Amino acid sequence: QVQLVESGGGLVQAGGSLRLSCAASEIIFSFNVMGWYRQAPGKQRELVATITSGGTTNYADSVKGRFTISKDNAKNTVNLLMNSLKPEDTAVYYCYLLVLVPHHEYWGQGTQVTVSS
């Protein structure tokens, strides 16, 4: 059972930056996708950004140009650099890992990001 441990959330003013990190407890050798989802109060969980083990990235339109996802395959970590934060970015951010073989999804416990106006 892979464990995902997140760090880096917190409180920041609008226009500021935060960096989230997520470490997987073991190295995944098969093709996989790691990334971040978020859930604001009263809203559904939504995709923020993902990156495949091959390095292909995908971003939600709302964060394109502001957020950057990166991955350290040797350390099995995924990072999310969030710039120009807006109050609407306030949410609990969840680390996500999808392993294709065998197929399994893993979620972190979530880390709070609060952006004040």
# chains A, B, ... in the order shown; residues from 1 in each chain; ligands from 1
>>> residues_around(residues="A:Leu18", least_positions_apart="4", cutoff="10 Å", atoms="only C-alpha atoms", output="number ranges by chain")
A: 8-12, 67, 80-85, 113, 115
>>> write_last_selection(atoms="all heavy atoms", output="CSV table (one decimal), in the first residue's frame")
chain,number,residue,atom,x,y,z
A,8,GLY,N,3.6,21.6,2.9
A,8,GLY,CA,3.7,22.9,2.2
A,8,GLY,C,2.5,23.8,2.2
A,8,GLY,O,2.6,24.9,1.7
A,9,GLY,N,1.4,23.3,2.7
A,9,GLY,CA,0.2,24.2,2.7
A,9,GLY,C,0.4,25.3,3.7
A,9,GLY,O,1.3,25.4,4.4
A,10,GLY,N,-0.6,26.2,3.7
A,10,GLY,CA,-0.6,27.3,4.6
A,10,GLY,C,-1.4,28.5,4.2
A,10,GLY,O,-2.3,28.4,3.3
A,11,LEU,N,-1.1,29.6,4.9
A,11,LEU,CA,-1.9,30.9,4.6
A,11,LEU,C,-1.0,31.8,3.9
A,11,LEU,O,0.2,32.1,4.3
A,11,LEU,CB,-2.3,31.5,6.0
A,11,LEU,CG,-3.0,32.8,5.9
A,11,LEU,CD1,-4.3,32.8,5.1
A,11,LEU,CD2,-3.2,33.4,7.3
A,12,VAL,N,-1.5,32.4,2.8
A,12,VAL,CA,-0.7,33.4,2.1
A,12,VAL,C,-1.6,34.5,1.6
A,12,VAL,O,-2.8,34.3,1.4
A,12,VAL,CB,0.0,32.7,0.9
A,12,VAL,CG1,-1.0,32.2,-0.1
A,12,VAL,CG2,1.0,33.6,0.2
A,67,PHE,N,0.6,28.0,-12.0
A,67,PHE,CA,1.1,26.9,-11.3
A,67,PHE,C,2.0,26.1,-12.2
A,67,PHE,O,1.8,26.0,-13.4
A,67,PHE,CB,-0.1,26.0,-10.8
A,67,PHE,CG,-1.0,26.6,-9.8
A,67,PHE,CD1,-0.9,27.9,-9.4
A,67,PHE,CD2,-1.9,25.8,-9.2
A,67,PHE,CE1,-1.7,28.4,-8.4
A,67,PHE,CE2,-2.8,26.3,-8.2
A,67,PHE,CZ,-2.7,27.6,-7.8
A,80,LEU,N,4.3,21.1,-6.5
A,80,LEU,CA,3.4,22.1,-7.2
A,80,LEU,C,3.8,23.5,-6.7
A,80,LEU,O,3.6,23.8,-5.5
A,80,LEU,CB,2.0,21.8,-6.8
A,80,LEU,CG,1.0,22.7,-7.6
A,80,LEU,CD1,0.9,22.3,-9.1
A,80,LEU,CD2,-0.4,22.5,-7.0
A,81,LEU,N,4.4,24.3,-7.6
A,81,LEU,CA,4.7,25.6,-7.3
A,81,LEU,C,3.5,26.5,-7.7
A,81,LEU,O,3.2,26.5,-8.9
A,81,LEU,CB,6.0,26.1,-8.0
A,81,LEU,CG,6.4,27.5,-7.9
A,81,LEU,CD1,6.7,27.8,-6.4
A,81,LEU,CD2,7.6,27.8,-8.7
A,82,MET,N,3.0,27.2,-6.8
A,82,MET,CA,1.8,28.0,-7.0
A,82,MET,C,2.2,29.5,-6.9
A,82,MET,O,2.5,30.0,-5.8
A,82,MET,CB,0.7,27.7,-6.0
A,82,MET,CG,0.4,26.2,-6.1
A,82,MET,SD,-1.0,25.8,-5.0
A,82,MET,CE,-0.3,26.1,-3.4
A,83,ASN,N,2.1,30.2,-8.0
A,83,ASN,CA,2.4,31.7,-8.0
A,83,ASN,C,1.1,32.4,-8.3
A,83,ASN,O,0.1,31.9,-8.7
A,83,ASN,CB,3.4,32.0,-9.1
A,83,ASN,CG,4.8,31.4,-8.8
A,83,ASN,OD1,5.2,31.3,-7.7
A,83,ASN,ND2,5.5,31.0,-9.9
A,84,SER,N,1.2,33.7,-8.0
A,84,SER,CA,0.1,34.6,-8.2
A,84,SER,C,-1.2,34.1,-7.7
A,84,SER,O,-2.3,34.0,-8.4
A,84,SER,CB,-0.1,34.9,-9.7
A,84,SER,OG,1.1,35.4,-10.3
A,85,LEU,N,-1.2,33.6,-6.4
A,85,LEU,CA,-2.3,33.0,-5.8
A,85,LEU,C,-3.5,33.9,-5.7
A,85,LEU,O,-3.3,35.1,-5.4
A,85,LEU,CB,-1.9,32.4,-4.5
A,85,LEU,CG,-1.2,31.0,-4.6
A,85,LEU,CD1,-0.4,30.7,-3.3
A,85,LEU,CD2,-2.1,29.9,-4.9
A,113,VAL,N,-4.7,25.1,1.8
A,113,VAL,CA,-4.2,26.3,1.3
A,113,VAL,C,-5.2,27.4,1.4
A,113,VAL,O,-6.3,27.2,0.9
A,113,VAL,CB,-3.8,26.1,-0.2
A,113,VAL,CG1,-3.4,27.4,-0.8
A,113,VAL,CG2,-2.6,25.1,-0.3
A,115,VAL,N,-5.8,31.5,0.8
A,115,VAL,CA,-5.3,32.7,0.2
A,115,VAL,C,-6.3,33.9,0.6
A,115,VAL,O,-7.4,33.9,0.4
A,115,VAL,CB,-5.3,32.6,-1.3
A,115,VAL,CG1,-4.7,33.9,-1.9
A,115,VAL,CG2,-4.5,31.4,-1.8
>>> residues_around(residues="A:Ile51", least_positions_apart="3", cutoff="9 Å", atoms="only C-alpha atoms", output="PyMOL selection string")
chain A and resi 32-35+54-58+69-71+78
>>> residues_around(residues="stretch 95-111 of chain A", least_positions_apart="3", cutoff="12 Å", atoms="only C-alpha atoms", output="PDB file with C-alpha atoms, in the first residue's frame")
ATOM      1  CA  GLN A   1       0.000   0.000   0.000  1.00  0.00           C
ATOM      2  CA  VAL A   2       1.589   3.253  -1.153  1.00  0.00           C
ATOM      3  CA  GLN A   3       1.393   6.153   1.273  1.00  0.00           C
ATOM      4  CA  LEU A   4       1.373   9.747   0.032  1.00  0.00           C
ATOM      5  CA  VAL A   5       2.602  12.426   2.423  1.00  0.00           C
ATOM      6  CA  GLU A   6       1.928  16.062   1.578  1.00  0.00           C
ATOM      7  CA  SER A   7       3.578  19.183   2.921  1.00  0.00           C
ATOM      8  CA  GLY A   8       3.732  22.892   2.218  1.00  0.00           C
ATOM      9  CA  GLY A   9       0.219  24.219   2.657  1.00  0.00           C
ATOM     10  CA  GLY A  10      -0.561  27.327   4.642  1.00  0.00           C
ATOM     11  CA  LEU A  11      -1.885  30.869   4.624  1.00  0.00           C
ATOM     12  CA  LEU A  18       3.329  28.539  -2.053  1.00  0.00           C
ATOM     13  CA  ARG A  19       5.032  25.265  -2.858  1.00  0.00           C
ATOM     14  CA  LEU A  20       3.377  21.933  -2.164  1.00  0.00           C
ATOM     15  CA  SER A  21       5.290  18.666  -2.058  1.00  0.00           C
ATOM     16  CA  CYS A  22       4.121  15.075  -2.003  1.00  0.00           C
ATOM     17  CA  ALA A  23       6.319  12.078  -1.313  1.00  0.00           C
ATOM     18  CA  ALA A  24       5.309   8.531  -2.152  1.00  0.00           C
ATOM     19  CA  SER A  25       6.435   5.839   0.270  1.00  0.00           C
ATOM     20  CA  GLU A  26       7.842   3.655  -2.475  1.00  0.00           C
ATOM     21  CA  ILE A  27       9.147   3.945  -5.991  1.00  0.00           C
ATOM     22  CA  ILE A  28       6.647   3.074  -8.687  1.00  0.00           C
ATOM     23  CA  PHE A  29       8.344   1.423 -11.635  1.00  0.00           C
ATOM     24  CA  SER A  30       5.340   1.087 -13.901  1.00  0.00           C
ATOM     25  CA  PHE A  31       3.753   3.949 -15.833  1.00  0.00           C
ATOM     26  CA  ASN A  32       1.976   6.271 -13.442  1.00  0.00           C
ATOM     27  CA  VAL A  33       0.400   9.667 -13.069  1.00  0.00           C
ATOM     28  CA  MET A  34       0.968  11.895 -10.045  1.00  0.00           C
ATOM     29  CA  GLY A  35      -0.644  15.177  -9.369  1.00  0.00           C
ATOM     30  CA  TRP A  36      -2.858  17.422  -7.330  1.00  0.00           C
ATOM     31  CA  TYR A  37      -6.574  17.858  -6.923  1.00  0.00           C
ATOM     32  CA  ARG A  38      -8.325  20.396  -4.726  1.00  0.00           C
ATOM     33  CA  GLN A  39     -11.649  20.742  -2.991  1.00  0.00           C
ATOM     34  CA  ALA A  40     -13.110  24.006  -1.785  1.00  0.00           C
ATOM     35  CA  ARG A  45     -12.996  17.905  -5.943  1.00  0.00           C
ATOM     36  CA  GLU A  46     -11.323  19.169  -9.108  1.00  0.00           C
ATOM     37  CA  LEU A  47      -8.118  18.509 -10.968  1.00  0.00           C
ATOM     38  CA  VAL A  48      -5.343  21.057 -10.545  1.00  0.00           C
ATOM     39  CA  ALA A  49      -2.382  19.522 -12.350  1.00  0.00           C
ATOM     40  CA  THR A  50      -0.920  16.142 -13.190  1.00  0.00           C
ATOM     41  CA  ILE A  51       2.362  14.796 -14.506  1.00  0.00           C
ATOM     42  CA  THR A  52       3.069  11.373 -15.932  1.00  0.00           C
ATOM     43  CA  SER A  53       6.138   9.295 -15.213  1.00  0.00           C
ATOM     44  CA  ILE A  69       4.046  20.867 -11.500  1.00  0.00           C
ATOM     45  CA  ASN A  76       9.317   9.715  -6.084  1.00  0.00           C
ATOM     46  CA  THR A  77       8.060  13.173  -5.171  1.00  0.00           C
ATOM     47  CA  VAL A  78       5.816  15.599  -6.985  1.00  0.00           C
ATOM     48  CA  ASN A  79       5.877  19.323  -6.370  1.00  0.00           C
ATOM     49  CA  LEU A  80       3.433  22.100  -7.160  1.00  0.00           C
ATOM     50  CA  THR A  90      -8.364  28.463  -1.349  1.00  0.00           C
ATOM     51  CA  ALA A  91      -9.051  24.752  -0.880  1.00  0.00           C
ATOM     52  CA  VAL A  92      -7.766  21.520   0.545  1.00  0.00           C
ATOM     53  CA  THR A 114      -5.776  29.572   2.252  1.00  0.00           C
TER      54      THR A 114
END
>>> select_by_dssp(residues="chain A", states="strand (DSSP E)", output="CSV table (one decimal) with N, CA and C atoms, in the first residue's frame")
chain,number,residue,atom,x,y,z
A,4,LEU,N,1.0,8.4,0.6
A,4,LEU,CA,1.4,9.7,0.0
A,4,LEU,C,1.4,10.8,1.2
A,5,VAL,N,2.5,11.5,1.3
A,5,VAL,CA,2.6,12.4,2.4
A,5,VAL,C,2.8,13.8,1.8
A,6,GLU,N,1.9,14.7,2.1
A,6,GLU,CA,1.9,16.1,1.6
A,6,GLU,C,2.5,17.0,2.6
A,7,SER,N,3.1,18.1,2.1
A,7,SER,CA,3.6,19.2,2.9
A,7,SER,C,3.5,20.5,2.1
A,10,GLY,N,-0.6,26.2,3.7
A,10,GLY,CA,-0.6,27.3,4.6
A,10,GLY,C,-1.4,28.5,4.2
A,11,LEU,N,-1.1,29.6,4.9
A,11,LEU,CA,-1.9,30.9,4.6
A,11,LEU,C,-1.0,31.8,3.9
A,12,VAL,N,-1.5,32.4,2.8
A,12,VAL,CA,-0.7,33.4,2.1
A,12,VAL,C,-1.6,34.5,1.6
A,13,GLN,N,-1.1,35.7,1.4
A,13,GLN,CA,-1.9,36.8,0.8
A,13,GLN,C,-2.0,36.6,-0.7
A,18,LEU,N,3.2,29.7,-2.9
A,18,LEU,CA,3.3,28.5,-2.1
A,18,LEU,C,3.8,27.4,-2.9
A,19,ARG,N,4.5,26.5,-2.2
A,19,ARG,CA,5.0,25.3,-2.9
A,19,ARG,C,4.6,24.1,-2.1
A,20,LEU,N,3.8,23.2,-2.8
A,20,LEU,CA,3.4,21.9,-2.2
A,20,LEU,C,4.3,20.8,-2.6
A,21,SER,N,4.5,19.8,-1.7
A,21,SER,CA,5.3,18.7,-2.1
A,21,SER,C,4.5,17.4,-1.6
A,22,CYS,N,4.8,16.3,-2.3
A,22,CYS,CA,4.1,15.1,-2.0
A,22,CYS,C,5.1,14.0,-2.2
A,23,ALA,N,5.4,13.2,-1.2
A,23,ALA,CA,6.3,12.1,-1.3
A,23,ALA,C,5.6,10.7,-1.2
A,24,ALA,N,5.9,9.9,-2.2
A,24,ALA,CA,5.3,8.5,-2.2
A,24,ALA,C,6.2,7.6,-1.4
A,32,ASN,N,2.9,5.7,-14.4
A,32,ASN,CA,2.0,6.3,-13.4
A,32,ASN,C,1.7,7.7,-13.7
A,33,VAL,N,0.7,8.3,-13.0
A,33,VAL,CA,0.4,9.7,-13.1
A,33,VAL,C,0.3,10.2,-11.6
A,34,MET,N,1.1,11.2,-11.4
A,34,MET,CA,1.0,11.9,-10.0
A,34,MET,C,0.5,13.3,-10.2
A,35,GLY,N,-0.2,13.8,-9.2
A,35,GLY,CA,-0.6,15.2,-9.4
A,35,GLY,C,-1.4,15.7,-8.2
A,36,TRP,N,-2.1,16.7,-8.4
A,36,TRP,CA,-2.9,17.4,-7.3
A,36,TRP,C,-4.3,17.7,-7.7
A,37,TYR,N,-5.2,17.5,-6.8
A,37,TYR,CA,-6.6,17.9,-6.9
A,37,TYR,C,-6.9,18.8,-5.8
A,38,ARG,N,-7.9,19.5,-5.8
A,38,ARG,CA,-8.3,20.4,-4.7
A,38,ARG,C,-9.8,20.4,-4.5
A,39,GLN,N,-10.2,20.7,-3.3
A,39,GLN,CA,-11.6,20.7,-3.0
A,39,GLN,C,-11.9,21.9,-2.1
A,46,GLU,N,-11.7,18.9,-7.7
A,46,GLU,CA,-11.3,19.2,-9.1
A,46,GLU,C,-9.8,19.0,-9.4
A,47,LEU,N,-9.5,18.7,-10.6
A,47,LEU,CA,-8.1,18.5,-11.0
A,47,LEU,C,-7.4,19.9,-11.0
A,48,VAL,N,-6.2,19.9,-10.5
A,48,VAL,CA,-5.3,21.1,-10.5
A,48,VAL,C,-4.3,20.9,-11.6
A,49,ALA,N,-3.5,19.8,-11.4
A,49,ALA,CA,-2.4,19.5,-12.3
A,49,ALA,C,-1.9,18.1,-12.2
A,50,THR,N,-1.5,17.5,-13.3
A,50,THR,CA,-0.9,16.1,-13.2
A,50,THR,C,0.3,16.1,-14.0
A,51,ILE,N,1.1,15.1,-13.7
A,51,ILE,CA,2.4,14.8,-14.5
A,51,ILE,C,2.6,13.3,-14.6
A,52,THR,N,2.9,12.8,-15.8
A,52,THR,CA,3.1,11.4,-15.9
A,52,THR,C,4.5,11.0,-15.6
A,57,THR,N,2.7,16.9,-18.8
A,57,THR,CA,1.9,17.6,-17.8
A,57,THR,C,0.5,18.0,-18.3
A,58,ASN,N,-0.4,18.3,-17.3
A,58,ASN,CA,-1.7,18.7,-17.7
A,58,ASN,C,-2.2,19.6,-16.6
A,59,TYR,N,-2.8,20.7,-16.9
A,59,TYR,CA,-3.2,21.7,-16.0
A,59,TYR,C,-4.7,22.1,-16.2
A,67,PHE,N,0.6,28.0,-12.0
A,67,PHE,CA,1.1,26.9,-11.3
A,67,PHE,C,2.0,26.1,-12.2
A,68,THR,N,3.0,25.5,-11.5
A,68,THR,CA,3.9,24.6,-12.2
A,68,THR,C,4.1,23.3,-11.5
A,69,ILE,N,3.9,22.2,-12.1
A,69,ILE,CA,4.0,20.9,-11.5
A,69,ILE,C,5.4,20.3,-12.0
A,70,SER,N,6.1,19.6,-11.1
A,70,SER,CA,7.3,19.0,-11.4
A,70,SER,C,7.4,17.7,-10.6
A,71,LYS,N,8.3,16.8,-11.1
A,71,LYS,CA,8.5,15.5,-10.5
A,71,LYS,C,9.9,15.1,-10.4
A,72,ASP,N,10.3,14.5,-9.2
A,72,ASP,CA,11.6,14.0,-9.0
A,72,ASP,C,11.4,12.5,-9.0
A,77,THR,N,8.8,12.0,-5.7
A,77,THR,CA,8.1,13.2,-5.2
A,77,THR,C,7.5,14.0,-6.3
A,78,VAL,N,6.4,14.7,-6.0
A,78,VAL,CA,5.8,15.6,-7.0
A,78,VAL,C,5.6,16.9,-6.3
A,79,ASN,N,6.0,18.0,-7.0
A,79,ASN,CA,5.9,19.3,-6.4
A,79,ASN,C,4.9,20.2,-7.2
A,80,LEU,N,4.3,21.1,-6.5
A,80,LEU,CA,3.4,22.1,-7.2
A,80,LEU,C,3.8,23.5,-6.7
A,81,LEU,N,4.4,24.3,-7.6
A,81,LEU,CA,4.7,25.6,-7.3
A,81,LEU,C,3.5,26.5,-7.7
A,82,MET,N,3.0,27.2,-6.8
A,82,MET,CA,1.8,28.0,-7.0
A,82,MET,C,2.2,29.5,-6.9
A,91,ALA,N,-8.5,26.1,-0.8
A,91,ALA,CA,-9.1,24.8,-0.9
A,91,ALA,C,-8.1,23.8,-0.1
A,92,VAL,N,-8.6,22.6,0.1
A,92,VAL,CA,-7.8,21.5,0.5
A,92,VAL,C,-7.2,20.9,-0.7
A,93,TYR,N,-5.9,20.8,-0.7
A,93,TYR,CA,-5.2,20.2,-1.9
A,93,TYR,C,-4.8,18.8,-1.6
A,94,TYR,N,-5.1,17.9,-2.5
A,94,TYR,CA,-4.8,16.4,-2.3
A,94,TYR,C,-3.8,15.9,-3.3
A,95,CYS,N,-2.9,15.2,-2.8
A,95,CYS,CA,-1.9,14.6,-3.7
A,95,CYS,C,-2.6,13.3,-4.3
A,96,TYR,N,-2.2,13.0,-5.5
A,96,TYR,CA,-2.9,11.9,-6.2
A,96,TYR,C,-1.9,11.0,-6.9
A,97,LEU,N,-2.1,9.7,-6.9
A,97,LEU,CA,-1.2,8.8,-7.6
A,97,LEU,C,-2.1,7.8,-8.3
A,98,LEU,N,-1.9,7.6,-9.6
A,98,LEU,CA,-2.6,6.6,-10.4
A,98,LEU,C,-1.5,5.7,-10.9
A,99,VAL,N,-1.6,4.4,-10.5
A,99,VAL,CA,-0.8,3.4,-11.1
A,99,VAL,C,-1.6,2.5,-12.0
A,104,HIS,N,-4.6,1.1,-9.7
A,104,HIS,CA,-4.9,1.5,-8.3
A,104,HIS,C,-4.7,3.0,-8.2
A,105,GLU,N,-5.6,3.6,-7.5
A,105,GLU,CA,-5.5,5.1,-7.2
A,105,GLU,C,-5.2,5.3,-5.7
A,106,TYR,N,-4.3,6.2,-5.4
A,106,TYR,CA,-4.0,6.6,-4.1
A,106,TYR,C,-4.2,8.1,-3.8
A,107,TRP,N,-4.5,8.4,-2.6
A,107,TRP,CA,-4.8,9.8,-2.3
A,107,TRP,C,-4.0,10.2,-1.0
A,111,THR,N,-3.9,18.9,2.3
A,111,THR,CA,-3.2,20.0,3.0
A,111,THR,C,-4.0,21.3,2.6
A,112,GLN,N,-4.2,22.1,3.6
A,112,GLN,CA,-5.0,23.3,3.5
A,112,GLN,C,-4.2,24.4,2.9
A,113,VAL,N,-4.7,25.1,1.8
A,113,VAL,CA,-4.2,26.3,1.3
A,113,VAL,C,-5.2,27.4,1.4
A,114,THR,N,-4.9,28.4,2.1
A,114,THR,CA,-5.8,29.6,2.3
A,114,THR,C,-5.1,30.8,1.7
A,115,VAL,N,-5.8,31.5,0.8
A,115,VAL,CA,-5.3,32.7,0.2
A,115,VAL,C,-6.3,33.9,0.6
A,116,SER,N,-5.7,34.8,1.4
A,116,SER,CA,-6.5,35.9,1.9
A,116,SER,C,-6.4,37.1,0.9
>>> atom_distance(atom1="atom CA of A:Ser62", atom2="atom CA of A:Glu88")
9.7 Å
>>> decode(residues="stretch 40-104 of chain A", atoms="C-alpha atoms", output="short mmCIF file (atom, residue, chain, number, x, y, z; two decimals), in the first residue's frame")
data_model
loop_
_atom_site.label_atom_id
_atom_site.label_comp_id
_atom_site.auth_asym_id
_atom_site.auth_seq_id
_atom_site.Cartn_x
_atom_site.Cartn_y
_atom_site.Cartn_z
CA ALA A 40 -13.11 24.01 -1.79
CA PRO A 41 -15.96 24.10 0.77
CA GLY A 42 -19.24 23.17 -0.84
CA LYS A 43 -17.61 22.26 -4.15
CA GLN A 44 -16.58 19.05 -5.86
CA ARG A 45 -13.00 17.91 -5.94
CA GLU A 46 -11.32 19.17 -9.11
CA LEU A 47 -8.12 18.51 -10.97
CA VAL A 48 -5.34 21.06 -10.55
CA ALA A 49 -2.38 19.52 -12.35
CA THR A 50 -0.92 16.14 -13.19
CA ILE A 51 2.36 14.80 -14.51
CA THR A 52 3.07 11.37 -15.93
CA SER A 53 6.14 9.29 -15.21
CA GLY A 54 7.21 10.27 -18.71
CA GLY A 55 6.98 13.97 -17.86
CA THR A 56 3.80 14.96 -19.68
CA THR A 57 1.91 17.65 -17.76
CA ASN A 58 -1.72 18.68 -17.66
CA TYR A 59 -3.22 21.75 -15.97
CA ALA A 60 -6.66 23.03 -15.18
CA ASP A 61 -7.42 26.15 -17.21
CA SER A 62 -7.85 28.14 -13.99
CA VAL A 63 -4.20 27.60 -12.98
CA LYS A 64 -2.39 27.62 -16.34
CA GLY A 65 0.45 30.12 -16.34
CA ARG A 66 0.42 30.41 -12.55
CA PHE A 67 1.10 26.88 -11.28
CA THR A 68 3.95 24.58 -12.24
CA ILE A 69 4.05 20.87 -11.50
CA SER A 70 7.32 18.95 -11.41
CA LYS A 71 8.45 15.48 -10.47
CA ASP A 72 11.60 13.97 -9.04
CA ASN A 73 11.51 10.34 -10.17
CA ALA A 74 14.53 9.38 -8.08
CA LYS A 75 12.82 10.58 -4.91
CA ASN A 76 9.32 9.71 -6.08
CA THR A 77 8.06 13.17 -5.17
CA VAL A 78 5.82 15.60 -6.98
CA ASN A 79 5.88 19.32 -6.37
CA LEU A 80 3.43 22.10 -7.16
CA LEU A 81 4.72 25.65 -7.31
CA MET A 82 1.81 28.04 -7.02
CA ASN A 83 2.40 31.66 -8.00
CA SER A 84 0.06 34.64 -8.22
CA LEU A 85 -2.34 32.97 -5.83
CA LYS A 86 -5.93 34.16 -5.73
CA PRO A 87 -8.57 33.84 -3.00
CA GLU A 88 -10.41 31.37 -5.25
CA ASP A 89 -7.43 29.03 -4.98
CA THR A 90 -8.36 28.46 -1.35
CA ALA A 91 -9.05 24.75 -0.88
CA VAL A 92 -7.77 21.52 0.54
CA TYR A 93 -5.18 20.19 -1.89
CA TYR A 94 -4.85 16.43 -2.28
CA CYS A 95 -1.92 14.56 -3.72
CA TYR A 96 -2.91 11.86 -6.20
CA LEU A 97 -1.19 8.82 -7.64
CA LEU A 98 -2.58 6.60 -10.36
CA VAL A 99 -0.76 3.36 -11.06
CA LEU A 100 -1.87 1.62 -14.24
CA VAL A 101 -0.44 -1.86 -13.64
CA PRO A 102 -1.93 -3.04 -11.40
CA HIS A 103 -4.61 -0.38 -11.59
CA HIS A 104 -4.90 1.53 -8.33
#
